[in-house]
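Undergrad: Pasting final.txt below, which is compact mmCIF, C-alpha atoms.
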```txt
# COMPACT_ATOMS: atom_id res chain seq x y z
CA MET A 13 129.95 118.55 0.17
CA VAL A 14 130.73 122.25 -0.15
CA MET A 15 132.44 121.90 -3.51
CA ASN A 16 129.31 120.40 -5.10
CA THR A 17 126.85 123.10 -4.03
CA PRO A 18 125.55 125.73 -6.48
CA LEU A 19 127.55 128.90 -7.06
CA ALA A 20 124.59 131.29 -7.13
CA ASP A 21 126.06 133.04 -4.08
CA LEU A 22 129.36 133.80 -5.83
CA LEU A 23 129.73 136.60 -8.35
CA PRO A 24 129.56 134.82 -11.72
CA LEU A 25 132.88 135.16 -13.53
CA ARG A 26 133.61 133.72 -16.94
CA THR A 27 135.40 130.85 -15.24
CA THR A 28 135.15 129.43 -11.74
CA THR A 29 138.53 128.47 -10.32
CA ALA A 30 139.70 126.43 -7.36
CA PHE A 31 140.86 129.73 -5.89
CA GLN A 32 137.33 131.17 -5.88
CA MET A 33 135.96 127.92 -4.47
CA GLY A 34 138.54 128.08 -1.69
CA LEU A 35 137.34 131.54 -0.67
CA ARG A 36 133.76 130.36 -0.73
CA ALA A 37 134.45 127.26 1.39
CA THR A 38 136.27 129.34 4.02
CA VAL A 39 133.38 131.80 4.25
CA ILE A 40 130.85 128.97 4.61
CA GLU A 41 132.83 127.56 7.53
CA ALA A 42 132.98 130.95 9.25
CA LEU A 43 129.26 131.57 8.78
CA ARG A 44 128.32 128.16 10.14
CA SER A 45 130.51 128.60 13.22
CA SER A 46 128.95 131.94 14.24
CA ARG A 47 126.63 131.93 17.26
CA HIS A 48 123.57 132.21 15.04
CA ALA A 49 124.49 129.99 12.10
CA LEU A 50 124.24 131.92 8.82
CA ASN A 51 123.95 130.66 5.27
CA LEU A 52 125.80 131.87 2.22
CA GLY A 53 123.30 132.77 -0.48
CA GLU A 54 120.52 133.50 2.03
CA ASP A 55 121.91 135.65 4.85
CA ALA A 56 125.18 136.54 3.15
CA PHE A 57 126.73 137.04 -0.27
CA LEU A 58 130.35 136.70 -1.34
CA ALA A 59 131.36 138.67 -4.43
CA VAL A 60 134.73 137.95 -6.05
CA LEU A 61 136.17 139.95 -8.95
CA SER A 62 139.38 139.74 -10.92
CA ALA A 63 141.05 142.80 -12.43
CA ASP A 64 141.78 140.68 -15.50
CA GLU A 65 138.05 140.38 -16.24
CA TRP A 66 136.49 143.38 -14.48
CA GLY A 67 139.21 146.03 -14.77
CA ASN A 68 136.88 148.45 -16.57
CA SER A 69 134.16 148.41 -13.90
CA SER A 70 132.59 151.66 -12.72
CA ILE A 71 130.95 152.71 -9.48
CA ASP A 72 128.40 155.25 -8.33
CA PRO A 73 129.70 158.85 -8.13
CA GLU A 74 128.63 158.94 -4.46
CA GLU A 75 131.22 156.24 -3.75
CA GLU A 76 133.82 157.44 -6.24
CA ARG A 77 134.30 160.63 -4.20
CA PHE A 78 135.91 158.53 -1.45
CA LEU A 79 138.76 157.61 -3.80
CA SER A 80 141.93 159.61 -3.11
CA PRO A 81 143.01 161.72 -6.11
CA ARG A 82 146.61 160.77 -5.27
CA ALA A 83 145.96 157.04 -5.65
CA CYS A 84 147.98 155.25 -8.33
CA ALA A 85 146.24 153.43 -11.19
CA LYS A 86 146.49 150.06 -9.41
CA LYS A 87 144.99 151.44 -6.19
CA LYS A 88 142.19 153.10 -8.14
CA THR A 89 141.38 149.83 -9.88
CA GLU A 90 141.35 147.96 -6.55
CA PHE A 91 139.06 150.54 -4.97
CA VAL A 92 136.63 150.55 -7.89
CA LEU A 93 136.58 146.74 -8.03
CA GLY A 94 136.01 146.55 -4.28
CA ARG A 95 133.06 148.93 -4.43
CA ALA A 96 131.69 147.15 -7.49
CA ALA A 97 131.83 143.85 -5.59
CA VAL A 98 130.10 145.43 -2.60
CA GLY A 99 127.37 146.87 -4.80
CA TYR A 100 126.75 143.50 -6.42
CA ALA A 101 126.55 141.74 -3.05
CA LEU A 102 124.19 144.35 -1.60
CA ARG A 103 121.86 144.09 -4.57
CA GLU A 104 121.78 140.31 -4.27
CA LEU A 105 120.64 140.78 -0.67
CA GLY A 106 117.96 143.31 -1.65
CA GLU A 107 119.81 146.45 -0.52
CA TYR A 108 120.44 149.37 -2.88
CA GLY A 109 122.07 151.93 -0.56
CA HIS A 110 125.55 153.40 -0.76
CA VAL A 111 128.52 152.35 1.32
CA ALA A 112 130.27 155.37 2.81
CA ARG A 113 133.85 155.48 4.07
CA GLY A 114 134.94 156.23 7.64
CA GLY A 115 137.89 158.27 8.83
CA ALA A 116 140.20 155.25 8.93
CA GLY A 117 139.07 154.04 5.51
CA GLU A 118 136.61 151.50 6.91
CA PRO A 119 133.34 150.95 5.00
CA ILE A 120 130.17 152.30 6.60
CA TRP A 121 127.44 149.78 5.87
CA PRO A 122 123.71 150.46 5.44
CA GLU A 123 121.55 149.71 8.46
CA GLY A 124 120.99 145.98 8.90
CA MET A 125 124.10 145.10 6.91
CA SER A 126 127.63 144.12 7.95
CA GLY A 127 130.58 143.25 5.79
CA SER A 128 134.21 143.47 4.82
CA ILE A 129 136.32 144.04 1.70
CA THR A 130 139.77 142.75 0.81
CA HIS A 131 142.15 143.47 -2.08
CA CYS A 132 145.14 141.44 -3.20
CA TRP A 133 146.04 141.98 -6.83
CA PRO A 134 144.51 140.89 -9.11
CA TRP A 135 141.68 139.77 -6.81
CA VAL A 136 139.04 141.65 -4.85
CA ALA A 137 136.45 140.06 -2.57
CA ALA A 138 133.53 141.49 -0.60
CA LEU A 139 131.49 139.64 1.99
CA VAL A 140 128.17 141.26 2.94
CA ILE A 141 125.82 139.86 5.59
CA ARG A 142 122.24 140.81 6.33
CA SER A 143 121.57 140.39 10.04
CA TRP A 144 119.32 141.77 12.76
CA MET A 145 122.19 141.68 15.28
CA PRO A 146 125.46 143.68 15.08
CA LEU A 147 128.22 141.52 13.65
CA ALA A 148 131.98 141.83 13.56
CA VAL A 149 132.96 140.76 10.05
CA GLY A 150 136.46 140.69 8.64
CA ILE A 151 138.02 139.09 5.57
CA ASP A 152 141.61 139.31 4.38
CA LEU A 153 143.44 137.97 1.35
CA GLU A 154 147.25 137.95 1.18
CA SER A 155 149.80 136.73 -1.33
CA LEU A 156 152.11 134.11 0.17
CA GLU A 157 154.94 135.35 -2.02
CA ARG A 158 154.52 138.97 -0.91
CA VAL A 159 154.45 138.11 2.80
CA ALA A 160 157.53 135.89 2.43
CA ARG A 161 159.64 138.74 1.02
CA THR A 162 160.11 140.35 4.45
CA ASP A 163 160.62 138.80 7.87
CA ILE A 164 157.68 140.22 9.81
CA SER A 165 157.63 137.57 12.52
CA SER A 166 158.89 139.87 15.29
CA VAL A 167 156.20 142.44 14.46
CA ILE A 168 153.15 140.21 14.16
CA CYS A 169 153.82 137.18 16.35
CA THR A 170 153.65 136.38 20.04
CA ALA A 171 156.14 133.81 21.32
CA GLY A 172 153.52 131.07 21.11
CA GLU A 173 152.52 131.98 17.56
CA LEU A 174 156.15 132.08 16.44
CA ASP A 175 156.73 128.63 17.95
CA TRP A 176 153.69 127.27 16.05
CA ALA A 177 154.93 128.81 12.79
CA ARG A 178 158.40 127.33 13.13
CA ARG A 179 157.07 123.83 13.87
CA GLY A 180 155.28 123.62 10.52
CA SER A 181 156.62 122.24 7.25
CA SER A 182 156.41 125.79 5.83
CA SER A 183 157.05 128.51 8.39
CA SER A 184 156.51 131.28 5.82
CA GLU A 185 153.05 129.91 5.01
CA ARG A 186 152.10 129.80 8.68
CA LEU A 187 153.42 133.33 9.23
CA ALA A 188 151.23 134.50 6.36
CA MET A 189 148.24 132.80 7.98
CA ILE A 190 148.91 134.61 11.27
CA PHE A 191 149.32 137.94 9.48
CA SER A 192 146.13 137.49 7.46
CA ALA A 193 144.09 136.30 10.45
CA LYS A 194 145.12 139.31 12.53
CA GLU A 195 144.28 141.64 9.65
CA ALA A 196 140.80 140.07 9.55
CA VAL A 197 140.44 140.63 13.31
CA TYR A 198 141.37 144.29 12.93
CA LYS A 199 138.87 144.79 10.10
CA ALA A 200 136.14 143.06 12.09
CA PHE A 201 136.57 144.89 15.38
CA TYR A 202 137.64 148.39 14.37
CA PRO A 203 134.06 149.48 13.53
CA CYS A 204 133.02 148.31 17.03
CA CYS A 205 135.74 149.99 19.10
CA LYS A 206 137.14 152.69 16.76
CA GLN A 207 140.61 151.92 18.09
CA TYR A 208 143.81 150.82 16.45
CA ILE A 209 144.41 147.13 17.21
CA ASP A 210 148.08 146.19 17.19
CA PHE A 211 149.33 142.76 16.14
CA GLN A 212 150.49 142.22 19.73
CA ASP A 213 147.07 143.08 21.20
CA VAL A 214 145.55 139.73 20.24
CA GLY A 215 146.79 136.17 20.40
CA LEU A 216 145.99 133.27 18.07
CA SER A 217 145.99 129.54 18.75
CA TRP A 218 145.51 127.12 15.85
CA HIS A 219 142.82 124.43 15.99
CA PRO A 220 143.49 122.07 13.05
CA GLU A 221 140.23 120.17 13.40
CA ARG A 222 138.32 123.41 12.71
CA GLN A 223 140.88 124.96 10.35
CA SER A 224 140.68 128.12 12.45
CA PHE A 225 142.50 130.26 14.97
CA ARG A 226 140.95 130.88 18.38
CA VAL A 227 141.33 134.59 19.22
CA SER A 228 142.11 136.02 22.65
CA VAL A 229 142.92 139.47 24.02
CA LEU A 230 146.44 139.57 25.43
CA ALA A 231 147.20 140.90 28.89
CA GLY A 232 148.59 144.44 29.00
CA THR A 233 146.81 145.79 25.93
CA ASN A 234 145.38 149.29 26.17
CA ALA A 235 142.76 148.68 23.50
CA GLN A 236 139.17 148.62 24.75
CA LEU A 237 138.00 145.62 22.75
CA PRO A 238 134.64 143.83 22.74
CA SER A 239 134.30 140.33 24.13
CA PHE A 240 136.34 137.74 22.26
CA ARG A 241 134.66 134.74 23.93
CA GLU A 242 134.41 131.89 21.43
CA CYS A 243 135.84 134.12 18.71
CA GLU A 244 137.66 132.41 15.85
CA VAL A 245 139.14 133.21 12.46
CA HIS A 246 139.00 130.59 9.70
CA SER A 247 142.10 130.56 7.53
CA ARG A 248 143.14 128.57 4.44
CA CYS A 249 146.03 128.56 1.97
CA PHE A 250 145.44 127.82 -1.71
CA GLY A 251 146.68 128.97 -5.10
CA GLY A 252 149.55 131.01 -3.68
CA PHE A 253 147.27 132.99 -1.36
CA VAL A 254 146.06 132.84 2.22
CA PHE A 255 142.47 133.85 2.96
CA SER A 256 141.02 134.54 6.42
CA CYS A 257 137.41 135.11 7.43
CA MET A 258 135.90 136.08 10.78
CA VAL A 259 132.18 136.38 11.55
CA HIS A 260 131.49 137.09 15.22
CA GLU A 261 128.63 138.43 17.31
CA PRO A 262 130.18 140.48 20.14
CA GLU A 263 128.51 140.00 23.49
CA ARG A 264 126.51 142.96 24.70
```
Take the structure I supplied and represent it as structure tokens, if you would.
TA:
Amino acid sequence: MVMNTPLADLLPLRTTTAFQMGLRATVIEALRSSRHALNLGEDAFLAVLSADEWGNSSIDPEEERFLSPRACAKKKTEFVLGRAAVGYALRELGEYGHVARGGAGEPIWPEGMSGSITHCWPWVAALVIRSWMPLAVGIDLESLERVARTDISSVICTAGELDWARRGSSSSERLAMIFSAKEAVYKAFYPCCKQYIDFQDVGLSWHPERQSFRVSVLAGTNAQLPSFRECEVHSRCFGGFVFSCMVHEPER
């Protein structure tokens, strides 16, 4: 059982919560479902930090220069925590390089590494994977309460997705899952195609037996996207949050 396995692959906090275990379980599912099954703690490392415990973290000056001087205190803390989590994960995988920042804010990973970062106050998580093949990796954490404040269904959903959301016992929870999953897709594929991916460019279909969305490219999109064959995003709700994780090897 996942919940009984060691936590050596999770950044050691003073306490380990069900929330952190939920993130870890979702990542394990995504890694196992990738074409070349990967293992957390061997091929990948998940680092999770809380601003409540790690708010005074610091990062390397080479990475600090990517922080906007106009960022508010909260944004600065999130950025520093994110980079601190990345640094911890890289070191656990035997890599000591810096992570640069691209023009759209995306992290530029050292050679042989792939990964993704997500912030949702007070939490930050970074998933880093060591792999010989290029991987599309995306994680996203959202607050259910924050997503529920605004009706974003017409912006993020296709007709089929909206129908699925409305058939559930909690439509706001399902809408948050769709939003988070599509954010994970964007994070995963932007480094591959360097193109903006709109919410309406991809479609999601929920597979309850796998606790994941199957991803497809919708007809009429102008985005030049890599192959989405057998591409899925694992998504779970727990502790007032929704967390999504995608690990995919695009076909050459």
Undergrad: When you look at Phe191 of chain A with a cut-off of 9 Å (counting all atoms listed in the file), what residues show up, excluding the ones that are within fewer than 5 positions of it in the same chain? I need them as a list in words.
TA: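 With the cut-off at 9 Å, the set is Glu154, Val159, Ile164, Ser165, Ile168, Cys169, Arg186, Ala196 and Phe211 of chain A.
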Undergrad: Which of these residues is nearest to Glu157 of chain A, using only C-alpha atoms: A:Phe31, A:Tyr202, A:Tyr208, A:Phe253?
TA: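 For Glu157 of chain A, the nearest of the given residues is A:Phe253.
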Undergrad: Would you kindly return, as a PDB file with C-alpha atoms, in the coordinates of the input, each protein, DNA or RNA residue with an atom no farther than 6 Å from any atom of segment 87-102 of chain A, considering all atoms listed in the file and excluding same-chain residues fewer than 4 positions away?
TA:
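To be explicit, this is the file written out as around00.pdb:
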```
ATOM      1  CA  PHE A  57     126.730 137.040  -0.270  1.00  0.00           C
ATOM      2  CA  ALA A  59     131.360 138.670  -4.430  1.00  0.00           C
ATOM      3  CA  ILE A  71     130.950 152.710  -9.480  1.00  0.00           C
ATOM      4  CA  ALA A  83     145.960 157.040  -5.650  1.00  0.00           C
ATOM      5  CA  GLU A 107     119.810 146.450  -0.520  1.00  0.00           C
ATOM      6  CA  VAL A 136     139.040 141.650  -4.850  1.00  0.00           C
ATOM      7  CA  ALA A 138     133.530 141.490  -0.600  1.00  0.00           C
TER       8      ALA A 138
END
```
Undergrad: Report, in Å with one decimal, the straight-line distance from atom CA of Tyr198 of chain A to atom CA of Ala116 of chain A.
TA: 11.7 Å
Undergrad: Nearest to Ser256 of chain A: which of A:Arg103, A:His48, A:Arg179, A:Arg36 is it, counting only C-alpha atoms?
TA: A:Arg36
Undergrad: Can you tell me how far atom CA of Pro220 of chain A sits from atom CA of Ser126 of chain A, in Å to one decimal?
TA: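 Result for atom CA of Pro220 of chain A versus atom CA of Ser126 of chain A: 27.6 Å, one decimal.
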Undergrad: Which of these, A:Ala112, A:Leu139, A:Ala188, A:Leu156, has the shortest distance to Val39 of chain A once you count all atoms listed in the file?
TA: A:Leu139
Undergrad: To one decimal place, how far is atom CA of Leu52 of chain A from atom CA of Thr38 of chain A in Å?
TA: 10.9 Å
Undergrad: Please determine, counting all atoms listed in the file, which residue among A:Ala160, A:Cys257, A:Leu58, A:Glu123 has the shortest atom-to-atom distance to Met145 of chain A.
TA: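 Going through A:Ala160, A:Cys257, A:Leu58, A:Glu123 one by one, the smallest distance to Met145 of chain A is for A:Glu123.
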